[in-house]
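Q: Before we start, here is the structure in question, set down as C-alpha cells.
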Amino acid sequence: MIARLPCPGPARYPATMRSHLSPIDRLAYTASQAARFGWFYSQYRRAQRRITPVVRKEQLRDSGPSTSELLSALFALFRRDMKNIEAGRYAMPPDMWPRPGRVLGVNRRFFRDLQTVDRRRQAGAGDEVFRKLRDSDPPYPRYFLQNFHFQSDGYLSADSADLYDYQVEILFSGGADAMRRQALVPLAEFMNGRPAATTQLVDIGCGTGRFLRLASDAQPLLRMTGLDLSPPYLDRARRSLRGRRAVRFMTGNAEQLPFPDASVDVVSNIFLFHELPARVRTNVVREMARVLRPGGLVLHVDTIQKGDEARFDQLLDFFPRAYHEPYFADYVASDLEALYGEAGLTARTHTNAFLSKVSVFAKPA
Ligand SMILES: C[S@@+](CC[C@H](N)C(=O)[O-])C[C@H]1O[C@@H](n2cnc3c(N)ncnc32)[C@H](O)[C@@H]1O
C-alpha cells in the first residue's frame with residue numbers, strides 16, 4: 001500500500017501566467033470540455049456496442065463501480081483542471097476545440113480498425129508485432145514487441161501513432177489530457193523562480209508528445225527532450241510540436257538514458273510504467289536517478305494502484321483482461337515508494353486524478 005503524503009500547497013506562479021479566468025474563459029472551458037466529454041463518451045459507448053464483451057455486462061455491474069461513480073470522478077477532474085487554470089498553474093489548453101474535419105477522419109479510421117482489434121482481443125493475440133518482426137528491425141526489447149491494448153502494429157507503425165491519442169481519449173471519455181495536465185502543477189511549483197531556458201526536462205516514453213505539448217504550452221522556454229523507443233510515434237510527436245524550438249526528440253531506451261550523470265532537472269514518465277515488466281521498471285528508475293541533478297524531480301503519472309481508490313479496485317482487475325496489458329496487474333500491486341527509494345529518490349506527493357495518480361519523487365539536494 002502506498003503511503004498518502006500531503007498534496008502540494010499553494011504556490012506562486014510566473015507573472016506571465018494569468019491568475020484569473022474571465023467569465024467568458026470559464027464558459028469557453030466548460031463548453032469545450034462538455035463537448036469533448038459528450039463526443040468521446042458517446043464514441044466510447046458506440047465502440048462498446050460493436051465489440052464482443054470480455055466479461056458479461058451484469059458481472060461488471062455487480063462487482064465494478066457504477067457509471068455514475070466513474071462520471072462523477074471524471075467531472076471532479078475537470079473541475080480541478082479549471083481551478084488549476086484559474087490559479088495560473090498552467091494555461092488554458094489552446095486545442096480544446098478539435099478540428100471537426102480531423103476528428104471525423106480519425107473517428108472513421110478508429111472504427112474501421114476496431115473490428116481488427118476486437119478479433120485480436122477474442123483470439124487473445126497480443127504478440128502479432130513480435131511474430132511480424134523482420135531481421136532488419138532494430139533490436140527492440142522483447143516486452144515492447146506486443147500489441148498493447150490489442151492495438152494494430154503495437155507501437156510500431158504510423159497508422160498506430162495516428163490513432164493512439166484518439167484511442168486513449170475514447171478510453172477515458174475525454175479525460176486523458178486533463179489527467180496529464182495534473183503533472184503540470186508540481187512542474188509549475190518546481191519552476192517557480194528558476195530560469196526556464198537553462199532548466200532541462202526529459203519525458204521518457206513520450207509517445208506522440210501529448211505531455212510535452214501541454215508542458216510547452218505551460219512553460220514555453222523550458223528545454224525539453226522527448227525520448228521513446230518508437231520511431232513512428234516520435235515522427236508524430238515531431239510534427240505535433242513543429243516550431244517549438246525548446247523541444248527536441250530522441251529515439252532511445254529509457255533503460256539506458258543517453259544523458260550524463262546529474263545533467264537533467266526533471267524527468268517525467270506518463271502512462272509508461274504499467275507497460276513495463278518489474279525488472280525494466282527497476283532499471284528505468286535507476287537511470288532516472290542517475291541522470292537527475294541533486295534536487296531534481298521525477299513526475300510519475302500512471303494508473304491509480306490497488307487501494308488508492310477502493311471503489312475502482314474491480315476496474316483495475318478487469319482492465320488488463322480487456323486491453324492486453326500483461327504487466328498491469330503486477331504494477332498496480334507494486335510499491336512505488338520502495339521502487340524509487342531503492343534508487344535514492346524520496347516521495348514528495350501522491351495525488352489521485354480520476355483513474356490516474358501523479359506521484360512526485362525527488363533526488364536529495
Ligand atoms: C502507453 S504509451 C504512453 C505514451 C505517452 N507518454 C502518453 O502520455 O500517452 C507508452 C510509450 O512508452 C514507449 N516505451 C515503452 N518502453 C520504452 C522504453 N524502454 N524506452 C522508451 N520508450 C518506451 C512506447 O513506445 C510508448 O510510446
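Every chain in the C-alpha cells has a letter given in the order shown (A, B, ...), and although residue numbers restart at 1 in each chain, ligands are simply numbered from 1 in the order shown.
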Within 8 Å of ligand 1 (counting only C-alpha atoms and all ligand atoms), which residues show up? I'd like them as an NGL selection string.
A: :A and (141 or 144 or 155-156 or 164-165 or 168 or 180 or 203-211 or 227-230 or 233 or 251-255 or 269-276 or 280 or 284)
Q: So that I can see what lies close to region 37-42 of chain A, please list as a list in words the residues with an atom at most 7 Å from it, counting only C-alpha atoms and leaving out residues fewer than 3 positions away in the same chain.
A: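 Non-adjacent residues within range: Gln33, Ala34, Arg45, Arg46, Glu169, Ile170, Ser173 and Gly174 of chain A.
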Q: Can you write just those residues out, C-alpha atoms, as a CSV table (one decimal), in the first residue's frame?
A:
chain,number,residue,atom,x,y,z
A,33,GLN,CA,-14.8,20.3,-22.1
A,34,ALA,CA,-18.5,19.4,-22.1
A,45,ARG,CA,-20.5,3.7,-25.8
A,46,ARG,CA,-20.7,3.2,-29.6
A,169,GLU,CA,-9.2,9.8,-25.2
A,170,ILE,CA,-12.1,7.5,-26.0
A,173,SER,CA,-14.1,9.7,-22.2
A,174,GLY,CA,-12.1,12.8,-23.0
Q: May I ask which of the residues A:Leu222, A:Ala31, A:Ala176, A:Ala91 is the closest one to Thr199 (chain A), counting only C-alpha atoms?
A: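 Of all the options, A:Leu222 lies closest to Thr199 (chain A).
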Q: Taking the DSSP secondary structure from the backbone, can you list the residues of region 122-345 of chain A that are strand (DSSP E or B), as a ChimeraX atom specification?
A: /A:200-204,223-228,247-251,264-270,292-303
Q: Export C-alpha atoms of the chosen residues as a PDB file, in the first residue's frame?
A:
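Saved to out_35.pdb:
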ATOM      1  CA  GLN A 200      16.123  20.592 -18.628  1.00  0.00           C
ATOM      2  CA  LEU A 201      13.116  18.269 -18.650  1.00  0.00           C
ATOM      3  CA  VAL A 202      13.209  14.807 -20.229  1.00  0.00           C
ATOM      4  CA  ASP A 203       9.938  12.968 -20.912  1.00  0.00           C
ATOM      5  CA  ILE A 204      10.645   9.244 -21.227  1.00  0.00           C
ATOM      6  CA  ARG A 223      14.287  22.935 -22.530  1.00  0.00           C
ATOM      7  CA  MET A 224      12.531  19.640 -23.172  1.00  0.00           C
ATOM      8  CA  THR A 225      13.556  16.320 -24.690  1.00  0.00           C
ATOM      9  CA  GLY A 226      11.117  13.572 -25.605  1.00  0.00           C
ATOM     10  CA  LEU A 227      12.562  10.067 -25.695  1.00  0.00           C
ATOM     11  CA  ASP A 228      10.818   6.946 -26.962  1.00  0.00           C
ATOM     12  CA  VAL A 247      11.679  20.860 -27.634  1.00  0.00           C
ATOM     13  CA  ARG A 248      13.661  18.045 -29.267  1.00  0.00           C
ATOM     14  CA  PHE A 249      13.179  14.310 -29.665  1.00  0.00           C
ATOM     15  CA  MET A 250      15.432  11.276 -29.485  1.00  0.00           C
ATOM     16  CA  THR A 251      14.966   7.604 -30.216  1.00  0.00           C
ATOM     17  CA  VAL A 264      18.672  16.753 -16.007  1.00  0.00           C
ATOM     18  CA  ASP A 265      16.373  18.766 -13.702  1.00  0.00           C
ATOM     19  CA  VAL A 266      13.069  16.956 -14.232  1.00  0.00           C
ATOM     20  CA  VAL A 267      12.265  13.534 -15.669  1.00  0.00           C
ATOM     21  CA  SER A 268       8.628  12.837 -16.474  1.00  0.00           C
ATOM     22  CA  ASN A 269       7.075   9.496 -17.333  1.00  0.00           C
ATOM     23  CA  ILE A 270       3.421   9.479 -18.299  1.00  0.00           C
ATOM     24  CA  LEU A 292      18.832  13.725 -12.265  1.00  0.00           C
ATOM     25  CA  ARG A 293      20.692  16.633 -10.711  1.00  0.00           C
ATOM     26  CA  PRO A 294      20.606  16.808  -6.903  1.00  0.00           C
ATOM     27  CA  GLY A 295      17.307  18.484  -6.024  1.00  0.00           C
ATOM     28  CA  GLY A 296      15.776  17.278  -9.313  1.00  0.00           C
ATOM     29  CA  LEU A 297      12.279  15.771  -9.637  1.00  0.00           C
ATOM     30  CA  VAL A 298      10.579  12.796 -11.195  1.00  0.00           C
ATOM     31  CA  LEU A 299       6.982  13.404 -12.303  1.00  0.00           C
ATOM     32  CA  HIS A 300       5.415   9.959 -12.465  1.00  0.00           C
ATOM     33  CA  VAL A 301       1.875   9.710 -13.863  1.00  0.00           C
ATOM     34  CA  ASP A 302       0.173   6.387 -14.288  1.00  0.00           C
ATOM     35  CA  THR A 303      -2.927   4.439 -13.342  1.00  0.00           C
TER      36      THR A 303
END
Q: At most 10 Å is the cut-off: for each residue in region 74-124 of chain A with any atom that close to an atom of region 184-194 of chain A, write down the nearest atom pair and the distance in Å rounded to one decimal, counting only C-alpha atoms, chain first then increasing number, as a tab-separated table.
A:
residue	atom	partner	partner_atom	distance
A:Asp81	CA	A:Val185	CA	10.0
A:Asn84	CA	A:Val185	CA	7.6
A:Ile85	CA	A:Val185	CA	9.8
A:Gly88	CA	A:Ala188	CA	9.1
A:Arg89	CA	A:Val185	CA	5.8
A:Tyr90	CA	A:Leu184	CA	6.7
A:Ala91	CA	A:Leu184	CA	9.9
Q: For the alpha helix (DSSP H) assignment from backbone DSSP, which residues of region 44-130 of chain A qualify? Please present them as JSON, numbers by chain.
A: {"A": [44, 45, 46, 47, 48, 49, 50, 57, 58, 59, 60, 61, 62, 63, 67, 68, 69, 70, 71, 72, 73, 74, 75, 76, 77, 78, 79, 80, 81, 82, 83, 84, 85, 86, 100, 101, 102, 103, 104, 105, 106, 107, 108, 109, 110, 111, 112, 113, 114, 115, 116, 117, 118, 119, 120, 121, 122, 123, 128, 129, 130]}
Q: With 7 Å as the cut-off and only C-alpha atoms counted, what is the closest atom pair between each nearby residue of region 175-206 of chain A and region 348-364 of chain A? Distances in Å to one decimal, ordered by chain and number, as a Markdown table.
A:
| residue | atom | partner | partner_atom | distance |
| --- | --- | --- | --- | --- |
| A:Met179 | CA | A:Ala353 | CA | 6.1 |
| A:Gln182 | CA | A:Val358 | CA | 6.9 |
| A:Ala183 | CA | A:Val358 | CA | 6.2 |
Q: Any idea what the distance is between CA of Glu342 (chain A) and CA of Ala289 (chain A)?
A: 9.9 Å
Q: Give me, please, the distance in Å between CA of Val129 (chain A) and CA of Arg112 (chain A), quoted to one decimal.
A: 19.4 Å
Q: Report, in Å to a single decimal, how far apart CA of Thr67 (chain A) and CA of Phe312 (chain A) are.
A: 11.2 Å
Q: With distances taken over only C-alpha atoms, which of A:Arg109, A:Arg36, A:Arg79, A:Arg238 is nearest to Asp159 (chain A)?
A: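 Closest to Asp159 (chain A) of all the choices is A:Arg109.
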Q: Please identify all polymer residues within 12 Å of Phe150 (chain A), counting only C-alpha atoms, omitting same-chain residues fewer than 3 positions from it, and present them as a VMD selection string.
A: chain A and resid 113 to 129 145 to 147 153 to 155 160 164 167 320 to 326
Q: Create the file for the chosen residues now, containing C-alpha atoms and written as a compact mmCIF listing (two decimals), in the first residue's frame.
A:
# COMPACT_ATOMS: atom_id res chain seq x y z
CA ASP A 113 -9.60 -0.61 -37.01
CA LEU A 114 -11.87 -1.60 -34.11
CA GLN A 115 -13.03 -4.80 -35.85
CA THR A 116 -9.42 -5.98 -36.17
CA VAL A 117 -8.66 -5.00 -32.58
CA ASP A 118 -11.71 -6.98 -31.47
CA ARG A 119 -10.69 -10.07 -33.45
CA ARG A 120 -7.27 -9.85 -31.79
CA ARG A 121 -8.92 -9.49 -28.38
CA GLN A 122 -11.16 -12.52 -28.92
CA ALA A 123 -8.17 -14.60 -30.02
CA GLY A 124 -6.00 -13.28 -27.15
CA ALA A 125 -3.43 -12.37 -29.82
CA GLY A 126 -1.12 -9.90 -28.11
CA ASP A 127 2.17 -10.75 -29.81
CA GLU A 128 1.47 -10.18 -33.51
CA VAL A 129 4.14 -7.47 -33.51
CA LEU A 145 7.08 -6.18 -29.13
CA GLN A 146 3.46 -6.68 -28.15
CA ASN A 147 0.09 -5.37 -29.23
CA ASP A 153 1.04 -2.83 -35.10
CA GLY A 154 1.67 -2.21 -31.37
CA TYR A 155 3.78 0.97 -31.19
CA SER A 160 -0.90 3.20 -34.85
CA TYR A 164 -3.17 6.36 -30.37
CA GLN A 167 -7.98 5.74 -28.67
CA PRO A 320 -5.75 -5.81 -18.27
CA ARG A 321 -8.08 -8.61 -19.43
CA ALA A 322 -9.84 -6.34 -21.90
CA TYR A 323 -6.84 -4.37 -23.16
CA HIS A 324 -3.83 -6.71 -23.30
CA GLU A 325 -1.79 -5.18 -20.51
CA PRO A 326 0.48 -8.04 -19.38
Q: Extract, using only C-alpha atoms, all DNA, RNA and protein residues at most 10 Å from Leu21 (chain A), discarding same-chain residues fewer than 6 positions from it, and format them as a PyMOL selection string.
A: chain A and resi 27+29+82-83+85-88+92
Q: If we count only C-alpha atoms, what is near Asp317 (chain A) at a cut-off of 12 Å, once residues fewer than 6 positions away on the same chain are taken out, given as a list in words?
A: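 Contacts, in chain order: Val55, Leu60, Ser63, Gly64, Pro65, Ile304, Gln305, Lys306, Ala310, Arg311, Tyr323, Glu325, Pro326, Tyr327, Phe328, Ala329, Asp330, Tyr331, Val332 and Ala333 of chain A.
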